[in-house]
>>> print(open('protein.csv').read())   # CSV, C-alpha atoms
chain,number,residue,atom,x,y,z
J,127,MET,CA,15.7,-29.7,-3.3
J,128,ILE,CA,15.3,-26.7,-1.0
J,129,LEU,CA,12.0,-27.8,0.4
J,130,ASP,CA,13.4,-31.2,1.4
J,131,ARG,CA,16.2,-29.5,3.3
J,132,VAL,CA,13.7,-27.0,5.0
J,133,LEU,CA,11.3,-29.8,6.0
J,134,ALA,CA,14.2,-31.9,7.3
J,135,SER,CA,15.7,-29.1,9.3
J,136,THR,CA,12.5,-27.8,10.9
J,137,ARG,CA,10.4,-29.6,13.4
J,138,VAL,CA,7.1,-29.7,11.6
J,139,ILE,CA,4.3,-31.7,13.1
J,140,PRO,CA,3.7,-34.7,10.9
J,141,ILE,CA,-0.1,-34.1,10.6
J,142,CYS,CA,0.7,-30.7,9.1
J,143,ILE,CA,2.6,-32.3,6.3
J,144,ARG,CA,-0.3,-34.6,5.5
J,145,ILE,CA,-2.7,-31.7,5.0
J,146,LEU,CA,-0.4,-29.8,2.7
J,147,PRO,CA,-0.4,-30.4,-1.0
J,148,SER,CA,2.3,-32.7,-2.4
J,149,ARG,CA,5.9,-31.5,-2.5
J,150,ARG,CA,5.9,-31.3,-6.3
J,151,HIS,CA,3.7,-28.2,-5.9
J,152,PHE,CA,6.4,-26.5,-3.9
J,153,THR,CA,9.3,-27.4,-6.2
J,154,SER,CA,7.7,-27.5,-9.7
J,155,GLY,CA,8.4,-23.8,-10.3
J,156,ARG,CA,4.7,-23.1,-11.1
J,157,SER,CA,2.7,-23.3,-7.9
J,158,PRO,CA,-1.0,-23.8,-8.6
J,159,LEU,CA,-2.0,-22.2,-5.4
J,160,LEU,CA,-1.0,-19.1,-3.5
J,161,PHE,CA,-1.2,-21.1,-0.3
J,162,THR,CA,1.5,-23.6,-1.3
J,163,SER,CA,3.9,-20.9,-2.4
J,164,ALA,CA,3.3,-19.0,0.8
J,165,VAL,CA,3.9,-22.1,2.9
J,166,ALA,CA,7.1,-22.8,1.0
J,167,TRP,CA,8.2,-19.2,1.5
J,168,TYR,CA,7.4,-19.3,5.2
J,169,LEU,CA,9.2,-22.6,5.7
J,170,LYS,CA,12.3,-21.2,3.9
J,171,LYS,CA,12.2,-18.1,6.2
J,172,LEU,CA,12.0,-20.4,9.3
J,173,ASP,CA,15.1,-22.1,8.0
J,174,THR,CA,17.1,-19.0,7.1
J,175,SER,CA,15.9,-16.5,9.8
J,176,PRO,CA,14.1,-18.5,12.5
J,177,LEU,CA,14.1,-15.8,15.2
J,178,ILE,CA,13.0,-13.0,13.1
J,179,THR,CA,10.3,-15.1,11.4
J,180,LYS,CA,9.0,-16.4,14.7
J,181,CYS,CA,8.9,-12.8,16.2
J,182,ILE,CA,7.0,-11.5,13.2
J,183,SER,CA,4.6,-14.5,13.3
J,184,SER,CA,4.1,-14.0,17.0
J,185,GLY,CA,3.3,-10.3,16.5
J,186,ILE,CA,0.8,-11.1,13.8
J,187,ALA,CA,-0.8,-13.9,15.8
J,188,SER,CA,-1.0,-11.7,18.9
J,189,GLY,CA,-2.5,-8.8,17.1
J,190,ALA,CA,-5.0,-11.0,15.2
J,191,GLY,CA,-5.9,-12.7,18.5
J,192,ASP,CA,-6.7,-9.4,20.1
J,193,ILE,CA,-8.8,-8.3,17.2
J,194,ALA,CA,-10.8,-11.6,17.4
J,195,CYS,CA,-11.2,-11.1,21.2
J,196,GLN,CA,-12.5,-7.6,20.8
J,197,TYR,CA,-14.9,-8.8,18.0
J,198,ILE,CA,-16.2,-11.6,20.3
J,199,VAL,CA,-16.6,-9.3,23.2
J,200,HIS,CA,-18.3,-6.6,21.0
J,201,ASN,CA,-20.8,-9.1,19.7
J,202,SER,CA,-21.6,-10.6,23.1
J,203,ILE,CA,-22.2,-7.0,24.5
J,204,ASP,CA,-24.5,-6.3,21.5
J,205,GLN,CA,-26.4,-9.6,22.2
J,206,ASN,CA,-26.7,-8.6,25.9
J,207,LEU,CA,-28.0,-5.2,24.9
J,208,VAL,CA,-30.9,-6.6,22.8
J,209,GLN,CA,-32.0,-9.2,25.4
J,210,GLN,CA,-35.2,-8.5,27.3
J,211,PRO,CA,-36.8,-10.4,30.2
J,212,ARG,CA,-39.7,-12.7,29.3
J,213,ASN,CA,-43.1,-12.0,30.8
J,214,ASN,CA,-42.4,-14.3,33.7
J,215,GLY,CA,-38.9,-12.8,34.2
J,216,ALA,CA,-37.4,-16.3,34.5
J,217,ALA,CA,-35.1,-16.2,31.4
J,218,LEU,CA,-33.8,-13.9,28.7
J,219,LYS,CA,-34.5,-14.1,25.1
J,220,PRO,CA,-33.1,-12.1,22.2
J,221,THR,CA,-35.5,-9.5,20.8
J,222,VAL,CA,-35.2,-6.8,18.1
J,223,ALA,CA,-33.3,-3.9,19.6
J,224,ASP,CA,-35.1,-0.5,19.7
J,225,SER,CA,-31.8,1.3,19.3
J,226,GLN,CA,-29.2,0.7,16.6
J,227,THR,CA,-26.1,-1.2,17.9
J,228,SER,CA,-22.7,0.2,17.1
J,229,SER,CA,-20.4,-1.2,14.5
J,230,PHE,CA,-17.4,-3.3,15.6
J,231,TRP,CA,-15.0,-0.8,14.1
J,232,ASP,CA,-16.6,2.1,16.1
J,233,SER,CA,-15.5,0.4,19.3
J,234,PHE,CA,-12.3,-1.2,18.1
J,235,ASP,CA,-9.2,-0.3,20.2
J,236,SER,CA,-6.3,-0.2,17.8
J,237,ILE,CA,-3.9,0.9,20.6
J,238,ARG,CA,-4.7,-2.2,22.6
J,239,THR,CA,-4.1,-4.4,19.5
J,240,SER,CA,-0.8,-2.6,18.9
J,241,ARG,CA,0.3,-3.4,22.4
J,242,PHE,CA,-0.4,-7.0,21.9
J,243,ALA,CA,1.3,-7.1,18.6
J,244,PHE,CA,4.3,-5.3,20.1
J,245,LEU,CA,4.6,-7.8,22.9
J,246,GLY,CA,4.2,-10.6,20.4
J,247,VAL,CA,7.2,-9.3,18.4
J,248,PHE,CA,9.5,-8.2,21.2
J,249,LEU,CA,8.6,-10.4,24.1
J,250,VAL,CA,6.7,-13.6,23.3
J,251,GLY,CA,8.5,-14.3,20.0
J,252,PRO,CA,12.1,-14.2,21.2
J,253,VAL,CA,11.4,-15.7,24.7
J,254,CYS,CA,9.4,-18.6,23.3
J,255,HIS,CA,12.0,-19.2,20.5
J,256,HIS,CA,14.8,-19.6,23.0
J,257,TRP,CA,12.7,-21.4,25.6
J,258,TYR,CA,11.3,-24.0,23.2
J,259,GLY,CA,14.7,-24.4,21.5
J,260,LEU,CA,16.3,-25.1,24.9
J,261,LEU,CA,13.5,-27.5,25.8
J,262,MET,CA,13.8,-29.4,22.5
J,263,THR,CA,17.6,-29.8,23.0
J,264,ARG,CA,17.3,-31.0,26.6
J,265,ILE,CA,14.4,-33.4,26.1
J,266,THR,CA,14.8,-34.9,22.6
J,267,GLY,CA,12.5,-37.3,20.8
J,268,ALA,CA,9.1,-37.1,19.1
J,269,GLY,CA,7.2,-39.8,21.0
J,270,LEU,CA,4.5,-39.6,23.6
J,271,VAL,CA,6.8,-39.7,26.7
J,272,PRO,CA,9.2,-36.8,25.6
J,273,THR,CA,6.1,-34.7,24.5
J,274,ILE,CA,4.5,-35.2,28.0
J,275,LYS,CA,7.8,-34.4,29.7
J,276,ARG,CA,8.2,-31.1,27.7
J,277,THR,CA,4.6,-30.2,28.3
J,278,PHE,CA,4.9,-30.9,32.0
J,279,ILE,CA,8.1,-28.8,32.3
J,280,ASP,CA,6.6,-26.0,30.2
J,281,GLN,CA,3.3,-25.8,32.1
J,282,LEU,CA,4.8,-26.1,35.6
J,283,GLY,CA,8.1,-24.4,35.1
J,284,PHE,CA,7.9,-21.8,32.3
J,285,ALA,CA,4.3,-20.7,32.2
J,286,PRO,CA,4.0,-19.7,35.9
J,287,LEU,CA,7.0,-17.4,35.4
J,288,PHE,CA,6.2,-16.1,32.0
J,289,ILE,CA,2.6,-15.2,32.6
J,290,PRO,CA,3.4,-12.5,35.3
J,291,VAL,CA,6.1,-11.2,33.0
J,292,PHE,CA,3.6,-10.8,30.1
J,293,MET,CA,1.0,-9.3,32.4
J,294,SER,CA,3.4,-6.8,33.9
J,295,SER,CA,4.8,-5.9,30.5
J,296,LEU,CA,1.2,-5.3,29.2
J,297,GLY,CA,0.4,-3.2,32.3
J,298,PHE,CA,3.5,-1.0,31.8
J,299,LEU,CA,2.7,-0.5,28.1
J,300,GLU,CA,-0.8,0.7,29.3
J,301,GLY,CA,0.9,3.3,31.5
J,302,ARG,CA,0.1,1.7,34.8
J,303,LYS,CA,2.2,2.3,37.9
J,304,PHE,CA,4.3,-0.6,39.4
J,305,GLU,CA,2.0,-0.9,42.4
J,306,ASP,CA,-1.1,-1.1,40.2
J,307,VAL,CA,0.5,-3.7,38.0
J,308,ARG,CA,1.6,-5.8,41.0
J,309,ALA,CA,-2.0,-5.6,42.5
J,310,ALA,CA,-3.5,-6.6,39.1
J,311,ILE,CA,-1.2,-9.6,38.9
J,312,ARG,CA,-2.0,-10.7,42.4
J,313,GLN,CA,-5.8,-10.4,41.7
J,314,GLU,CA,-5.8,-11.9,38.2
J,315,TYR,CA,-3.0,-14.5,38.3
J,316,SER,CA,-5.0,-17.1,40.2
J,317,LYS,CA,-7.8,-16.9,37.6
J,318,ILE,CA,-5.4,-17.9,34.8
>>> encode(input="protein.csv", output="structure tokens")
Amino acid sequence: MILDRVLASTRVIPICIRILPSRRHFTSGRSPLLFTSAVAWYLKKLDTSPLITKCISSGIASGAGDIACQYIVHNSIDQNLVQQPRNNGAALKPTVADSQTSSFWDSFDSIRTSRFAFLGVFLVGPVCHHWYGLLMTRITGAGLVPTIKRTFIDQLGFAPLFIPVFMSSLGFLEGRKFEDVRAAIRQEYSKI
């Protein structure tokens, strides 16, 4: 059974297995749900082409995350535009806007989303694939202690080095000069 081999060869979090439909849906040849066949296809791709699959997944997740971020910021700006002070001036409350607010798609920055998707595919995906692969081979096990060790090493060793790399890569893709990128990292890094 292909699915048994895929599930055995990949490190799937046990809770994810419990929320998926039973294995017979994946192997019966007639999947009742598009979701189950998509999951089976994705797991097969993780087994046969892990790096490419993770790079594409990372690009999609990064692009989708940026779209969500722009949407949230757009809606919070719209909410701030329609808030007026109360009579006593102590607090703000939403009121009906006199002017029409813009559509999300009018302010959507597709170039920005493309930058994040690009970095997801060509930086985050490959680096994280190799880093977490190395981390899993050096600290084996699925219990609480190995998980805490991996998290500790990741957050105190990898993240402090990778965040400036990501920030500088994004700055260079935006067309900033080296001095501007370095200044932005110095200013923003401590906030992260």
>>> closest_residue(input="protein.csv", among="J:Ser229, J:Thr179, J:Gly185, J:Ser316", to="J:Tyr197", atoms="all atoms listed in the file")
J:Ser229
>>> closest_residue(input="protein.csv", among="J:Val199, J:Ala164, J:Ile311, J:Ile237", to="J:Leu299", atoms="only C-alpha atoms")
J:Ile237
>>> closest_residue(input="protein.csv", among="J:Ala194, J:Gln205, J:Phe161, J:His255", to="J:Pro176", atoms="all atoms listed in the file")
J:His255
>>> residues_near_point(input="protein.csv", point="(13.6, -35.7, 27.1)", cutoff="9 Å", atoms="only C-alpha atoms", output="PyMOL selection string")
chain J and resi 261-267+271-273+275-276
>>> write_last_selection(input="protein.csv", atoms="C-alpha atoms", output="PDB file, in the frame of the given file")
ATOM      1  CA  LEU J 261      13.500 -27.500  25.800  1.00  0.00           C
ATOM      2  CA  MET J 262      13.800 -29.400  22.500  1.00  0.00           C
ATOM      3  CA  THR J 263      17.600 -29.800  23.000  1.00  0.00           C
ATOM      4  CA  ARG J 264      17.300 -31.000  26.600  1.00  0.00           C
ATOM      5  CA  ILE J 265      14.400 -33.400  26.100  1.00  0.00           C
ATOM      6  CA  THR J 266      14.800 -34.900  22.600  1.00  0.00           C
ATOM      7  CA  GLY J 267      12.500 -37.300  20.800  1.00  0.00           C
ATOM      8  CA  VAL J 271       6.800 -39.700  26.700  1.00  0.00           C
ATOM      9  CA  PRO J 272       9.200 -36.800  25.600  1.00  0.00           C
ATOM     10  CA  THR J 273       6.100 -34.700  24.500  1.00  0.00           C
ATOM     11  CA  LYS J 275       7.800 -34.400  29.700  1.00  0.00           C
ATOM     12  CA  ARG J 276       8.200 -31.100  27.700  1.00  0.00           C
TER      13      ARG J 276
END
>>> atom_distance(input="protein.csv", atom1="atom CA of J:Phe242", atom2="atom CA of J:Gly301")
14.1 Å
>>> atom_distance(input="protein.csv", atom1="atom CA of J:Val250", atom2="atom CA of J:Thr277")
17.5 Å
>>> atom_distance(input="protein.csv", atom1="atom CA of J:Leu172", atom2="atom CA of J:Leu160")
18.3 Å
>>> closest_residue(input="protein.csv", among="J:Ser228, J:Ser236, J:Gln313, J:Ser295", to="J:His200", atoms="all atoms listed in the file")
J:Ser228
>>> residues_around(input="protein.csv", residues="stretch 280-290 of chain J", least_positions_apart="4", cutoff="10 Å", atoms="only C-alpha atoms", output="number ranges by chain")
J: 250, 253-254, 257-258, 261, 274-276, 294-296, 307-308, 310-312, 314-315, 318
>>> residues_near_point(input="protein.csv", point="(-3.2, -1.9, 26.8)", cutoff="6 Å", atoms="only C-alpha atoms", output="MDAnalysis selection string")
chainID J and resid 238 241 300
>>> closest_residue(input="protein.csv", among="J:Cys181, J:Leu169, J:Ile193, J:Leu159", to="J:Leu249", atoms="only C-alpha atoms")
J:Cys181
